[in-house]
$ cat start.txt   # compact mmCIF, C-alpha atoms
# COMPACT_ATOMS: atom_id res chain seq x y z
CA MET S 26 19.36 -15.86 15.29
CA ASN S 27 17.98 -15.94 11.78
CA TYR S 28 18.03 -12.50 10.19
CA ARG S 29 16.00 -13.47 7.18
CA ASN S 30 13.23 -14.94 9.33
CA ALA S 31 13.00 -11.80 11.43
CA PHE S 32 12.93 -9.59 8.32
CA MET S 33 10.25 -11.72 6.68
CA ALA S 34 8.20 -11.89 9.88
CA MET S 35 8.15 -8.12 10.05
CA LEU S 36 7.37 -7.73 6.35
CA ILE S 37 4.58 -10.30 6.40
CA ARG S 38 3.10 -8.84 9.57
CA ASP S 39 2.86 -5.39 8.03
CA LEU S 40 1.54 -6.59 4.68
CA ARG S 41 -1.11 -8.58 6.53
CA ILE S 42 -2.16 -5.59 8.61
CA ALA S 43 -2.23 -3.38 5.52
CA PHE S 44 -4.34 -5.91 3.66
CA ARG S 45 -6.82 -5.95 6.53
CA GLN S 46 -7.11 -2.16 6.48
CA ARG S 47 -7.66 -1.99 2.73
CA ALA S 48 -9.80 1.15 2.74
CA GLU S 49 -7.18 3.14 4.60
CA ILE S 50 -4.33 1.85 2.46
CA MET S 51 -6.09 2.68 -0.82
CA LEU S 52 -6.60 6.30 0.19
CA PRO S 53 -3.24 7.74 -0.97
CA VAL S 54 -3.54 6.02 -4.35
CA ILE S 55 -7.08 7.32 -4.81
CA PHE S 56 -5.86 10.77 -3.79
CA PHE S 57 -3.12 10.55 -6.43
CA VAL S 58 -5.56 9.58 -9.20
CA VAL S 59 -8.15 12.17 -8.19
CA VAL S 60 -5.69 15.07 -8.00
CA VAL S 61 -4.14 14.30 -11.37
CA SER S 62 -7.49 13.84 -13.08
CA LEU S 63 -8.85 17.12 -11.70
CA PHE S 64 -6.17 19.20 -13.42
CA PRO S 65 -7.54 18.89 -16.98
CA LEU S 66 -10.92 19.98 -15.63
CA ALA S 67 -9.52 22.98 -13.78
CA ILE S 68 -6.93 24.27 -16.26
CA SER S 69 -7.66 23.19 -19.78
CA PRO S 70 -8.40 19.98 -21.63
CA ASP S 71 -6.14 21.23 -24.44
CA PRO S 72 -3.55 18.48 -25.13
CA ALA S 73 -0.79 21.05 -25.72
CA VAL S 74 -1.30 22.54 -22.24
CA LEU S 75 -1.59 19.15 -20.57
CA LYS S 76 1.61 17.98 -22.23
CA THR S 77 3.55 20.85 -20.65
CA ILE S 78 2.07 20.65 -17.14
CA GLY S 79 1.55 16.86 -17.08
CA PRO S 80 4.94 15.68 -15.75
CA GLY S 81 4.97 18.28 -12.97
CA VAL S 82 1.39 17.53 -11.96
CA ILE S 83 2.02 13.81 -11.72
CA TRP S 84 5.23 14.30 -9.76
CA VAL S 85 3.71 16.75 -7.26
CA ALA S 86 0.66 14.55 -6.76
CA ALA S 87 2.89 11.50 -6.22
CA LEU S 88 5.02 13.38 -3.71
CA LEU S 89 2.02 14.55 -1.69
CA SER S 90 0.31 11.20 -1.68
CA VAL S 91 3.51 9.49 -0.45
CA LEU S 92 3.72 12.06 2.33
CA MET S 93 0.07 11.41 3.14
CA SER S 94 0.56 7.64 3.22
CA LEU S 95 3.41 7.95 5.69
CA GLN S 96 1.57 9.91 8.37
CA ASN S 97 0.59 6.77 10.27
CA LEU S 98 3.64 4.67 9.48
CA PHE S 99 4.71 4.06 13.08
CA ARG S 100 1.64 5.46 14.84
CA SER S 101 -0.10 2.21 15.74
CA ASP S 102 3.16 0.46 16.67
CA PHE S 103 3.96 3.38 18.92
CA ASP S 104 0.56 3.43 20.58
CA ASP S 105 0.19 -0.29 21.22
CA GLY S 106 3.75 -0.88 22.41
CA ALA S 107 4.91 -3.00 19.47
CA ILE S 108 7.69 -0.49 18.84
CA GLU S 109 9.24 -1.34 22.23
CA GLN S 110 9.32 -5.00 21.30
CA ILE S 111 10.93 -4.11 17.97
CA LEU S 112 13.58 -1.92 19.62
CA LEU S 113 14.30 -4.53 22.30
CA SER S 114 14.68 -7.30 19.75
CA PRO S 115 18.23 -8.63 19.46
CA TYR S 116 17.94 -8.14 15.69
CA PRO S 117 19.25 -4.82 14.39
CA GLY S 118 16.55 -2.16 14.51
CA ALA S 119 17.57 -1.03 11.03
CA LEU S 120 16.73 -4.45 9.58
CA LEU S 121 13.24 -4.53 11.08
CA VAL S 122 12.58 -0.92 10.19
CA LEU S 123 13.65 -1.56 6.60
CA ALA S 124 11.04 -4.33 6.41
CA ARG S 125 8.44 -1.94 7.82
CA VAL S 126 9.18 0.74 5.21
CA LEU S 127 9.38 -1.83 2.42
CA ALA S 128 5.93 -3.13 3.36
CA GLN S 129 4.55 0.39 3.34
CA TRP S 130 6.15 1.05 -0.06
CA CYS S 131 4.64 -2.17 -1.47
CA VAL S 132 1.10 -1.14 -0.55
CA THR S 133 1.25 2.58 -1.36
CA GLY S 134 4.33 3.51 -3.39
CA LEU S 135 4.24 0.60 -5.79
CA PRO S 136 0.55 0.92 -6.83
CA LEU S 137 1.17 4.62 -7.34
CA ILE S 138 4.09 3.94 -9.68
CA LEU S 139 2.18 1.24 -11.54
CA ILE S 140 -0.82 3.46 -12.16
CA SER S 141 1.23 6.46 -13.31
CA PRO S 142 1.46 5.44 -17.02
CA LEU S 143 -2.33 5.46 -17.14
CA LEU S 144 -2.42 8.98 -15.77
CA GLY S 145 0.27 9.93 -18.28
CA LEU S 146 -2.08 8.82 -21.05
CA LEU S 147 -4.84 10.89 -19.48
CA LEU S 148 -2.64 13.97 -19.75
CA HIS S 149 -1.78 13.21 -23.39
CA LEU S 150 1.88 12.41 -22.72
CA ASP S 151 3.64 10.52 -25.52
CA PHE S 152 4.67 6.93 -24.99
CA HIS S 153 8.42 7.59 -24.73
CA ILE S 154 7.76 10.36 -22.20
CA ILE S 155 5.57 8.06 -20.13
CA LYS S 156 8.45 5.60 -20.10
CA VAL S 157 10.78 8.22 -18.60
CA LEU S 158 8.09 9.29 -16.14
CA PHE S 159 7.69 5.70 -15.02
CA VAL S 160 11.43 5.20 -14.51
CA SER S 161 11.81 8.50 -12.66
CA LEU S 162 8.97 7.57 -10.29
CA LEU S 163 10.40 4.09 -9.85
CA LEU S 164 13.66 5.67 -8.65
CA GLY S 165 12.13 8.62 -6.82
CA VAL S 166 9.20 7.20 -4.86
CA PRO S 167 11.25 4.76 -2.72
CA TYR S 168 13.45 7.72 -1.78
CA LEU S 169 10.35 9.68 -0.78
CA SER S 170 9.16 6.75 1.37
CA MET S 171 12.51 6.27 3.07
CA VAL S 172 13.20 9.93 3.79
CA GLY S 173 9.59 10.47 4.86
CA ALA S 174 9.93 7.57 7.28
CA ILE S 175 12.86 9.35 8.95
CA GLY S 176 10.62 12.36 9.55
CA VAL S 177 7.82 10.16 10.85
CA ALA S 178 10.17 8.36 13.23
CA LEU S 179 11.35 11.69 14.62
CA THR S 180 7.86 13.07 15.14
CA VAL S 181 5.90 9.97 16.14
CA GLY S 182 6.09 10.84 19.84
CA LEU S 183 4.51 14.25 19.32
CA ARG S 184 0.86 15.07 19.18
CA GLN S 185 -0.18 16.80 15.98
CA ALA S 186 2.99 15.87 14.18
CA GLY S 187 1.52 16.40 10.71
CA ALA S 188 2.58 19.99 10.11
CA LEU S 189 6.03 19.45 11.60
CA LEU S 190 6.50 16.37 9.46
CA SER S 191 5.84 18.35 6.27
CA LEU S 192 8.25 21.07 7.36
CA LEU S 193 10.97 18.53 8.11
CA VAL S 194 10.55 16.41 5.05
CA LEU S 195 9.54 18.73 2.19
CA PRO S 196 12.96 20.42 1.88
CA LEU S 197 14.47 16.95 1.45
CA TYR S 198 11.85 16.10 -1.16
CA VAL S 199 12.58 19.13 -3.32
CA PRO S 200 15.73 17.81 -5.06
CA VAL S 201 13.94 14.63 -6.05
CA LEU S 202 10.97 16.59 -7.31
CA ILE S 203 13.26 18.79 -9.42
CA PHE S 204 15.32 15.93 -10.87
CA GLY S 205 12.24 13.74 -11.40
CA SER S 206 10.05 16.22 -13.23
CA ASN S 207 13.01 17.71 -15.05
CA ALA S 208 13.94 14.29 -16.45
CA VAL S 209 10.47 14.02 -17.96
CA VAL S 210 10.50 17.60 -19.28
CA SER S 211 13.92 16.98 -20.88
CA ALA S 212 12.61 13.83 -22.52
CA ALA S 213 9.70 15.85 -23.93
CA LYS S 214 12.18 18.32 -25.43
CA ASP S 215 14.25 15.45 -26.89
CA MET S 216 17.13 16.33 -24.61
CA SER S 217 19.25 13.91 -22.64
CA TYR S 218 17.74 12.92 -19.29
CA ASN S 219 20.37 10.44 -18.09
CA GLY S 220 21.93 12.91 -15.70
CA GLN S 221 18.70 13.45 -13.80
CA LEU S 222 18.01 9.73 -13.59
CA LEU S 223 21.52 9.08 -12.31
CA TRP S 224 21.03 11.73 -9.65
CA LEU S 225 17.78 10.07 -8.64
CA SER S 226 19.57 6.72 -8.41
CA ALA S 227 22.34 8.21 -6.28
CA LEU S 228 19.84 9.74 -3.88
CA LEU S 229 17.95 6.46 -3.71
CA VAL S 230 21.11 4.53 -2.85
CA ILE S 231 22.03 6.98 -0.10
CA ALA S 232 18.51 6.93 1.35
CA THR S 233 18.08 3.16 1.37
CA THR S 234 21.52 2.39 2.77
CA LEU S 235 21.65 5.03 5.50
CA GLY S 236 17.93 5.59 6.06
CA PRO S 237 17.14 2.46 8.09
CA PHE S 238 19.86 3.26 10.64
CA VAL S 239 18.63 6.83 11.01
CA ILE S 240 15.03 5.67 11.35
CA SER S 241 15.84 3.15 14.05
CA SER S 242 17.85 5.69 16.05
CA ALA S 243 15.09 8.25 15.66
CA LEU S 244 12.54 5.74 16.94
CA LYS S 245 14.74 5.05 19.96
CA VAL S 246 14.84 8.76 20.72
CA SER S 247 11.07 9.13 20.24
CA CYS S 248 10.49 6.13 22.49
CA SER S 249 12.72 7.38 25.29
CA TYR S 250 10.75 10.61 25.70
CA ARG S 251 7.22 9.30 25.92
CA MET A 4 10.22 -27.50 30.66
CA ASN A 5 13.72 -27.60 29.31
CA ARG A 6 15.13 -24.13 29.29
CA PRO A 7 18.16 -22.84 27.46
CA VAL A 8 19.60 -21.10 30.48
CA SER A 9 23.26 -20.87 29.80
CA SER A 10 24.79 -19.14 32.76
CA GLY A 11 23.84 -19.91 36.31
CA ASN A 12 25.09 -16.63 37.69
CA ALA A 13 23.86 -13.81 35.55
CA GLU A 14 23.52 -10.43 37.16
CA LEU A 15 21.81 -7.15 36.38
CA LEU A 16 23.24 -4.32 38.40
CA ALA A 17 22.11 -0.72 38.59
CA GLU A 18 24.13 1.85 40.49
CA ASN A 19 23.13 5.33 41.61
CA LEU A 20 20.36 5.89 39.09
CA SER A 21 18.83 9.33 38.98
CA TYR A 22 16.15 10.54 36.66
CA GLU A 23 14.02 13.65 36.53
CA ILE A 24 11.13 14.76 34.37
CA ASN A 25 10.08 18.41 34.27
CA ASP A 26 12.25 19.31 37.28
CA LYS A 27 10.61 16.56 39.30
CA LEU A 28 12.96 13.93 40.62
CA ILE A 29 11.51 10.52 39.84
CA LEU A 30 14.50 8.44 40.87
CA THR A 31 17.23 9.59 43.23
CA ASP A 32 20.42 7.69 43.74
CA LEU A 33 18.80 4.29 43.36
CA SER A 34 20.90 1.16 43.31
CA LEU A 35 19.73 -2.39 42.89
CA ALA A 36 21.00 -5.81 41.91
CA VAL A 37 19.28 -8.91 40.65
CA ARG A 38 21.07 -12.23 40.31
CA SER A 39 20.13 -15.61 38.92
CA GLY A 40 17.30 -17.14 40.88
CA GLU A 41 16.12 -13.86 42.35
CA ILE A 42 12.82 -12.08 42.02
CA LEU A 43 12.85 -8.33 42.48
CA PHE A 44 9.48 -6.88 43.30
CA ILE A 45 9.16 -3.13 42.88
CA GLU A 46 6.27 -1.60 44.79
CA GLY A 47 4.98 1.94 44.77
CA GLY A 48 1.89 4.00 44.08
CA ASN A 49 0.87 5.53 40.78
CA GLY A 50 3.49 7.90 39.48
CA SER A 51 6.20 6.67 41.80
CA GLY A 52 8.47 5.85 38.86
CA LYS A 53 8.10 2.08 38.59
CA THR A 54 7.57 2.08 34.85
CA THR A 55 10.33 4.64 34.34
CA LEU A 56 12.74 2.47 36.32
CA LEU A 57 11.90 -0.62 34.27
CA ARG A 58 12.25 1.27 31.00
CA ILE A 59 15.65 2.54 32.13
CA LEU A 60 16.72 -0.94 33.17
CA CYS A 61 15.95 -2.41 29.79
CA GLY A 62 17.52 0.48 27.92
CA LEU A 63 14.40 2.08 26.45
CA MET A 64 15.22 5.25 28.38
CA GLN A 65 18.48 6.74 29.55
CA ALA A 66 18.97 7.63 33.19
CA ASP A 67 20.35 11.13 33.84
CA GLU A 68 22.99 9.65 36.08
CA GLY A 69 24.09 6.20 37.10
CA ARG A 70 25.22 3.05 35.45
CA ILE A 71 23.63 -0.24 34.54
CA SER A 72 25.63 -3.38 33.92
CA TRP A 73 24.73 -6.82 32.69
CA ASN A 74 27.07 -9.60 33.84
CA GLY A 75 29.66 -7.07 34.85
CA GLU A 76 29.74 -5.30 31.50
CA SER A 77 28.28 -1.86 31.00
CA ILE A 78 24.87 -2.15 29.36
CA GLN A 79 25.94 -0.13 26.31
CA SER A 80 28.56 -2.69 25.34
CA ALA A 81 26.53 -5.71 26.44
CA LEU A 82 23.33 -4.54 24.81
CA LEU A 83 23.05 -7.28 22.22
CA ASP A 84 23.79 -10.07 24.69
CA CYS A 85 21.33 -8.53 27.12
CA TYR A 86 18.56 -8.19 24.53
CA GLN A 87 19.01 -11.81 23.53
CA GLN A 88 18.25 -12.72 27.11
CA LEU A 89 15.50 -10.20 27.75
CA THR A 90 11.75 -10.45 27.74
CA TYR A 91 10.09 -7.11 28.46
CA ILE A 92 6.35 -6.79 28.75
CA GLY A 93 5.18 -3.25 29.36
CA HIS A 94 1.83 -1.57 29.94
CA ALA A 95 1.22 -1.58 26.23
CA THR A 96 1.28 -5.18 25.13
CA GLY A 97 2.28 -4.74 21.48
CA VAL A 98 -0.64 -6.93 20.42
CA LYS A 99 -1.85 -5.78 16.99
CA SER A 100 -5.61 -5.43 16.74
CA ASP A 101 -5.63 -6.53 13.10
CA LEU A 102 -3.73 -9.75 13.67
CA THR A 103 -5.07 -12.97 15.14
CA THR A 104 -3.80 -14.46 18.38
CA ILE A 105 -1.59 -16.94 16.57
CA GLU A 106 -0.19 -14.32 14.18
CA ASN A 107 0.64 -12.02 17.08
CA ILE A 108 2.43 -14.78 18.96
CA ARG A 109 4.36 -15.94 15.87
CA PHE A 110 5.57 -12.39 15.27
CA PHE A 111 6.78 -11.94 18.84
CA SER A 112 8.49 -15.27 18.64
CA ALA A 113 10.19 -14.45 15.33
CA ILE A 114 11.71 -11.16 16.49
CA SER A 115 12.68 -12.46 19.93
CA GLY A 116 15.61 -14.33 18.38
CA LEU A 117 15.12 -17.18 20.83
CA PRO A 118 14.44 -20.81 20.05
CA ALA A 119 10.90 -21.86 20.91
CA SER A 120 10.92 -24.08 23.96
CA SER A 121 7.23 -24.82 23.92
CA ASP A 122 4.73 -25.12 21.11
CA ILE A 123 2.22 -22.34 20.65
CA GLN A 124 -0.78 -24.56 21.37
CA SER A 125 0.31 -25.54 24.86
CA ALA A 126 1.27 -21.93 25.62
CA LEU A 127 -2.21 -20.86 24.54
CA GLU A 128 -3.71 -23.45 26.84
CA TRP A 129 -1.55 -22.15 29.67
CA VAL A 130 -2.80 -18.60 29.24
CA GLY A 131 -6.35 -19.84 28.74
CA LEU A 132 -6.69 -18.69 25.13
CA SER A 133 -7.24 -21.98 23.34
CA GLY A 134 -10.24 -21.50 21.11
CA TYR A 135 -9.20 -17.90 20.39
CA GLU A 136 -6.40 -18.82 17.96
CA ASN A 137 -7.99 -17.05 15.02
CA SER A 138 -9.69 -14.17 16.79
CA PRO A 139 -8.32 -10.79 15.76
CA GLY A 140 -6.81 -8.76 18.59
CA ARG A 141 -9.52 -6.15 18.45
CA HIS A 142 -12.15 -8.72 19.41
CA LEU A 143 -10.28 -9.65 22.57
CA SER A 144 -10.61 -8.02 25.97
CA TYR A 145 -7.73 -6.17 27.63
CA GLY A 146 -7.08 -9.16 29.87
CA GLN A 147 -6.95 -11.49 26.89
CA GLN A 148 -4.53 -9.19 25.05
CA ARG A 149 -2.32 -9.24 28.12
CA ARG A 150 -2.48 -13.01 28.10
CA ILE A 151 -1.20 -13.04 24.51
CA ALA A 152 1.80 -11.01 25.63
CA LEU A 153 2.31 -13.26 28.65
CA SER A 154 2.32 -16.36 26.49
CA ARG A 155 5.82 -15.27 25.48
CA LEU A 156 6.98 -16.28 28.94
CA MET A 157 6.08 -19.82 28.00
CA ILE A 158 7.28 -19.96 24.40
CA ASN A 159 10.59 -18.12 24.30
CA SER A 160 12.17 -18.49 27.69
CA SER A 161 14.79 -15.85 28.08
CA LEU A 162 16.90 -15.42 31.17
CA LEU A 163 15.88 -11.94 32.25
CA TRP A 164 12.22 -11.03 32.56
CA ILE A 165 11.26 -7.41 33.10
CA LEU A 166 7.52 -7.22 33.57
CA ASP A 167 5.54 -4.05 34.16
CA GLU A 168 2.36 -4.79 36.09
CA PRO A 169 2.12 -8.39 34.93
CA PHE A 170 -0.98 -9.00 37.03
CA ALA A 171 -3.00 -6.08 35.64
CA GLY A 172 -6.27 -7.12 34.05
CA LEU A 173 -5.91 -10.79 34.98
CA ASP A 174 -8.26 -12.95 37.01
CA LYS A 175 -7.30 -14.69 40.22
CA LYS A 176 -6.66 -18.05 38.62
CA MET A 177 -4.29 -16.61 36.03
CA ILE A 178 -2.44 -14.64 38.72
CA GLU A 179 -1.87 -17.91 40.60
CA LYS A 180 -0.59 -19.63 37.47
CA LEU A 181 1.66 -16.70 36.68
CA GLN A 182 3.18 -16.76 40.16
CA ASP A 183 3.89 -20.48 39.80
CA ARG A 184 5.64 -19.71 36.52
CA PHE A 185 7.70 -16.96 38.19
CA VAL A 186 8.83 -19.32 40.93
CA GLU A 187 9.70 -21.95 38.33
CA HIS A 188 11.69 -19.37 36.36
CA ALA A 189 13.66 -18.31 39.43
CA ASP A 190 14.31 -21.94 40.38
CA ASP A 191 15.71 -22.49 36.90
CA GLY A 192 18.21 -19.71 37.47
CA GLY A 193 16.28 -16.93 35.75
CA LEU A 194 16.16 -13.28 36.79
CA LEU A 195 12.86 -11.52 37.27
CA ILE A 196 11.96 -7.91 37.88
CA LEU A 197 8.31 -7.01 38.24
CA THR A 198 6.19 -4.15 39.46
CA SER A 199 2.73 -3.93 40.89
CA HIS A 200 0.67 -1.36 42.73
CA GLN A 201 -1.88 -3.98 43.67
CA SER A 202 -1.65 -5.62 47.05
CA ILE A 203 -1.39 -9.10 45.68
CA ASP A 204 -0.60 -11.94 47.98
CA LEU A 205 2.89 -12.84 46.85
CA ASN A 206 3.70 -15.25 49.63
CA LYS A 207 4.28 -17.96 47.06
CA MET A 208 7.31 -16.12 45.81
CA ASN A 209 10.48 -15.42 47.66
CA SER A 210 11.12 -11.92 46.49
CA ILE A 211 13.29 -8.97 47.30
CA ARG A 212 11.14 -5.90 47.67
CA ILE A 213 11.91 -2.31 46.80
CA HIS A 214 9.48 0.44 47.63
CA LEU A 215 9.52 3.50 45.40
CA GLY A 216 7.98 6.87 46.19
CA ASN A 217 7.34 8.58 49.50
$ encode --input "start.txt" --output "structure tokens"
Amino acid sequence: MNYRNAFMAMLIRDLRIAFRQRAEIMLPVIFFVVVVSLFPLAISPDPAVLKTIGPGVIWVAALLSVLMSLQNLFRSDFDDGAIEQILLSPYPGALLVLARVLAQWCVTGLPLILISPLLGLLLHLDFHIIKVLFVSLLLGVPYLSMVGAIGVALTVGLRQAGALLSLLVLPLYVPVLIFGSNAVVSAAKDMSYNGQLLWLSALLVIATTLGPFVISSALKVSCSYR
Amino acid sequence: MNRPVSSGNAELLAENLSYEINDKLILTDLSLAVRSGEILFIEGGNGSGKTTLLRILCGLMQADEGRISWNGESIQSALLDCYQQLTYIGHATGVKSDLTTIENIRFFSAISGLPASSDIQSALEWVGLSGYENSPGRHLSYGQQRRIALSRLMINSSLLWILDEPFAGLDKKMIEKLQDRFVEHADDGGLLILTSHQSIDLNKMNSIRIHLGN
């Protein structure tokens, strides 16, 4: 039994599959860029306006595109039976599931975080505000992925799970949205934003330590009622 | 083949299993036992509960009533030991359409937690897939995808095999080869549970038969 090998095998498998479905994987990132860049056209190109709405727009767009990227997280594994092999593996389900979510985060969450400073520039945010935005997304997006994955694991056995998934997951996304965008707004007002970032870190730690166990149990439940 | 079979008298025991879906009793008070060297062949028509029974036996589903034990220990406490010794191949093969034959097999092997007892190339020859090493799963037929899953029987030899319709989608020659492998596995002290609704000539194998359904 080699835990690292099993973890890496799972991670590499999912990165490989993602790389071979490039068009599909790029979609959430394109969605993120398109939504953010439509706002100046729809509201006002005035820098003063964009500076006030910018942080919120970027955060909401990031949240929705993470949710969108997660819809099919376990779908194909569920349909082709790979999930049974994963659950019947002697390795802890949580370990393998963590690799699965990490792979998903690498191909959707990470590009989204990396591209956010560019979108910050587009909305006329100052450099030091972009820095805070970047850090808040860096802490917040992995939480969104992990908590979203719990919802996906619970609903993967259902047909038309999309609406239910949003209902389940959005209430859990709200605190992160508030802390995340508020950190950036505070930075814009030259106020302290450490508290919000610490809250984001705390939520991230809870989600990544407990999330994998919840996800693997949820998958077991979904699998036993098919 | 040198197999890492540790115990010569392993036993999977199920007592008084009952299971119902939508008020329809699928399994009623079913008991069965499989020991080292035995092949249990579960027959029954479509919808008679063969797949459900196998999924319950390997812990993917919970029976409403009854108890399953592995080597005398209740399955809940022996789960890890049991999973280390288990190869389950269901209807859905778990073969990813975006991965090549080799990549699929390597992944199965990595998460099985078992040492490889045969190299991938000879296993591919056994299942008749040499030459398809780098073909993505989506370019393979259903039978070929099943063969990828079956190659696990060659590479990572576990003690307990639970196979749902192992002969589905295979040609006659492969069915013969598979039966030889089953006999070999039982002779080596392995346990085997399989289902089929096809009337396949299983005279090669000495099996215990259970008939489900009416």
$ interface_residues --input "start.txt" --of "chain S" --to "chain A" --cutoff "10 Å" --atoms "only C-alpha atoms" --output "compact mmCIF listing (two decimals) with C-alpha atoms, keeping the file's coordinate frame"
# COMPACT_ATOMS: atom_id res chain seq x y z
CA MET S 26 19.36 -15.86 15.29
CA ASN S 27 17.98 -15.94 11.78
CA TYR S 28 18.03 -12.50 10.19
CA ASN S 30 13.23 -14.94 9.33
CA ALA S 31 13.00 -11.80 11.43
CA PHE S 32 12.93 -9.59 8.32
CA MET S 33 10.25 -11.72 6.68
CA ALA S 34 8.20 -11.89 9.88
CA MET S 35 8.15 -8.12 10.05
CA ILE S 37 4.58 -10.30 6.40
CA ARG S 38 3.10 -8.84 9.57
CA ASP S 39 2.86 -5.39 8.03
CA ARG S 41 -1.11 -8.58 6.53
CA ILE S 42 -2.16 -5.59 8.61
CA ALA S 43 -2.23 -3.38 5.52
CA PHE S 44 -4.34 -5.91 3.66
CA ARG S 45 -6.82 -5.95 6.53
CA GLN S 46 -7.11 -2.16 6.48
CA SER S 101 -0.10 2.21 15.74
CA ASP S 102 3.16 0.46 16.67
CA PHE S 103 3.96 3.38 18.92
CA ASP S 104 0.56 3.43 20.58
CA ASP S 105 0.19 -0.29 21.22
CA GLY S 106 3.75 -0.88 22.41
CA ALA S 107 4.91 -3.00 19.47
CA ILE S 108 7.69 -0.49 18.84
CA GLU S 109 9.24 -1.34 22.23
CA GLN S 110 9.32 -5.00 21.30
CA ILE S 111 10.93 -4.11 17.97
CA LEU S 112 13.58 -1.92 19.62
CA LEU S 113 14.30 -4.53 22.30
CA SER S 114 14.68 -7.30 19.75
CA PRO S 115 18.23 -8.63 19.46
CA TYR S 116 17.94 -8.14 15.69
CA PRO S 117 19.25 -4.82 14.39
CA LEU S 121 13.24 -4.53 11.08
CA LYS S 245 14.74 5.05 19.96
CA VAL S 246 14.84 8.76 20.72
CA SER S 247 11.07 9.13 20.24
CA CYS S 248 10.49 6.13 22.49
CA SER S 249 12.72 7.38 25.29
CA TYR S 250 10.75 10.61 25.70
CA ARG S 251 7.22 9.30 25.92
$ residues_around --input "start.txt" --residues "Ile178 (chain A)" --least-positions-apart "5" --cutoff "9 Å" --atoms "only C-alpha atoms" --output "PyMOL selection string"
chain A and resi 169-170+173+183+203
$ atom_distance --input "start.txt" --atom1 "CA of Leu181 (chain A)" --atom2 "CA of Trp129 (chain A)"
9.4 Å
$ atom_distance --input "start.txt" --atom1 "CA of Ile138 (chain S)" --atom2 "CA of Leu158 (chain S)"
9.3 Å
$ residues_around --input "start.txt" --residues "region 33-50 of chain A" --least-positions-apart "6" --cutoff "9 Å" --atoms "only C-alpha atoms" --output "short mmCIF file (atom, residue, chain, number, x, y, z; two decimals) with C-alpha atoms, in the frame of the given file"
data_model
loop_
_atom_site.label_atom_id
_atom_site.label_comp_id
_atom_site.auth_asym_id
_atom_site.auth_seq_id
_atom_site.Cartn_x
_atom_site.Cartn_y
_atom_site.Cartn_z
CA SER A 10 24.79 -19.14 32.76
CA GLY A 11 23.84 -19.91 36.31
CA ASN A 12 25.09 -16.63 37.69
CA ALA A 13 23.86 -13.81 35.55
CA GLU A 14 23.52 -10.43 37.16
CA LEU A 15 21.81 -7.15 36.38
CA LEU A 16 23.24 -4.32 38.40
CA ALA A 17 22.11 -0.72 38.59
CA GLU A 18 24.13 1.85 40.49
CA ASN A 19 23.13 5.33 41.61
CA LEU A 20 20.36 5.89 39.09
CA SER A 21 18.83 9.33 38.98
CA GLY A 69 24.09 6.20 37.10
CA LEU A 162 16.90 -15.42 31.17
CA LEU A 163 15.88 -11.94 32.25
CA PHE A 185 7.70 -16.96 38.19
CA VAL A 186 8.83 -19.32 40.93
CA HIS A 188 11.69 -19.37 36.36
CA ALA A 189 13.66 -18.31 39.43
CA ASP A 190 14.31 -21.94 40.38
CA ASP A 191 15.71 -22.49 36.90
CA GLY A 192 18.21 -19.71 37.47
CA GLY A 193 16.28 -16.93 35.75
CA LEU A 194 16.16 -13.28 36.79
CA LEU A 195 12.86 -11.52 37.27
CA ILE A 196 11.96 -7.91 37.88
CA LEU A 197 8.31 -7.01 38.24
CA THR A 198 6.19 -4.15 39.46
CA SER A 199 2.73 -3.93 40.89
CA HIS A 200 0.67 -1.36 42.73
CA GLN A 201 -1.88 -3.98 43.67
CA MET A 208 7.31 -16.12 45.81
CA ASN A 209 10.48 -15.42 47.66
CA SER A 210 11.12 -11.92 46.49
CA ILE A 211 13.29 -8.97 47.30
CA ARG A 212 11.14 -5.90 47.67
CA ILE A 213 11.91 -2.31 46.80
CA HIS A 214 9.48 0.44 47.63
CA LEU A 215 9.52 3.50 45.40
CA GLY A 216 7.98 6.87 46.19
CA ASN A 217 7.34 8.58 49.50
#
$ residues_around --input "start.txt" --residues "region 51-63 of chain S" --least-positions-apart "5" --cutoff "10 Å" --atoms "only C-alpha atoms" --output "VMD selection string"
chain S and resid 43 to 44 46 68 79 82 to 95 132 to 138 140 to 141 143 to 145 147 to 148
$ closest_residue --input "start.txt" --among "A:Met177, A:Met157, A:Leu132, A:Leu166" --to "Thr103 (chain A)" --atoms "all atoms listed in the file"
A:Leu132
$ atom_distance --input "start.txt" --atom1 "CA of Asp167 (chain A)" --atom2 "CA of Gln147 (chain A)"
16.3 Å
$ closest_residue --input "start.txt" --among "S:Tyr168, S:Phe238, S:Tyr218, S:Phe99" --to "Ser206 (chain S)" --atoms "all atoms listed in the file"
S:Tyr218
$ residues_around --input "start.txt" --residues "Lys76 (chain S)" --least-positions-apart "4" --cutoff "10 Å" --atoms "all atoms listed in the file" --output "PyMOL selection string"
chain S and resi 71-72+80-81+145-151+154+210+213
$ closest_residue --input "start.txt" --among "A:Glu23, A:Glu136, A:Glu168, A:Glu128" --to "Lys180 (chain A)" --atoms "all atoms listed in the file"
A:Glu128
$ axis_aligned_box --input "start.txt" --around "region 222-239 of chain S" --padding-each-side "4 Å" --output "lines of an AutoDock Vina configuration file"
center_x = 19.7
center_y = 7.1
center_z = -1.3
size_x = 13.2
size_y = 17.3
size_z = 32.6
$ closest_residue --input "start.txt" --among "S:Leu169, S:Leu139, S:Val157, S:Ala48" --to "Tyr198 (chain S)" --atoms "only C-alpha atoms"
S:Leu169
$ closest_residue --input "start.txt" --among "S:Leu223, S:Gln129, S:Leu163, S:Leu244" --to "Val181 (chain S)" --atoms "only C-alpha atoms"
S:Leu244
$ residues_around --input "start.txt" --residues "Gly134 (chain A)" --least-positions-apart "6" --cutoff "10 Å" --atoms "only C-alpha atoms" --output "JSON, numbers by chain"
{"A": [104, 124, 127, 128]}
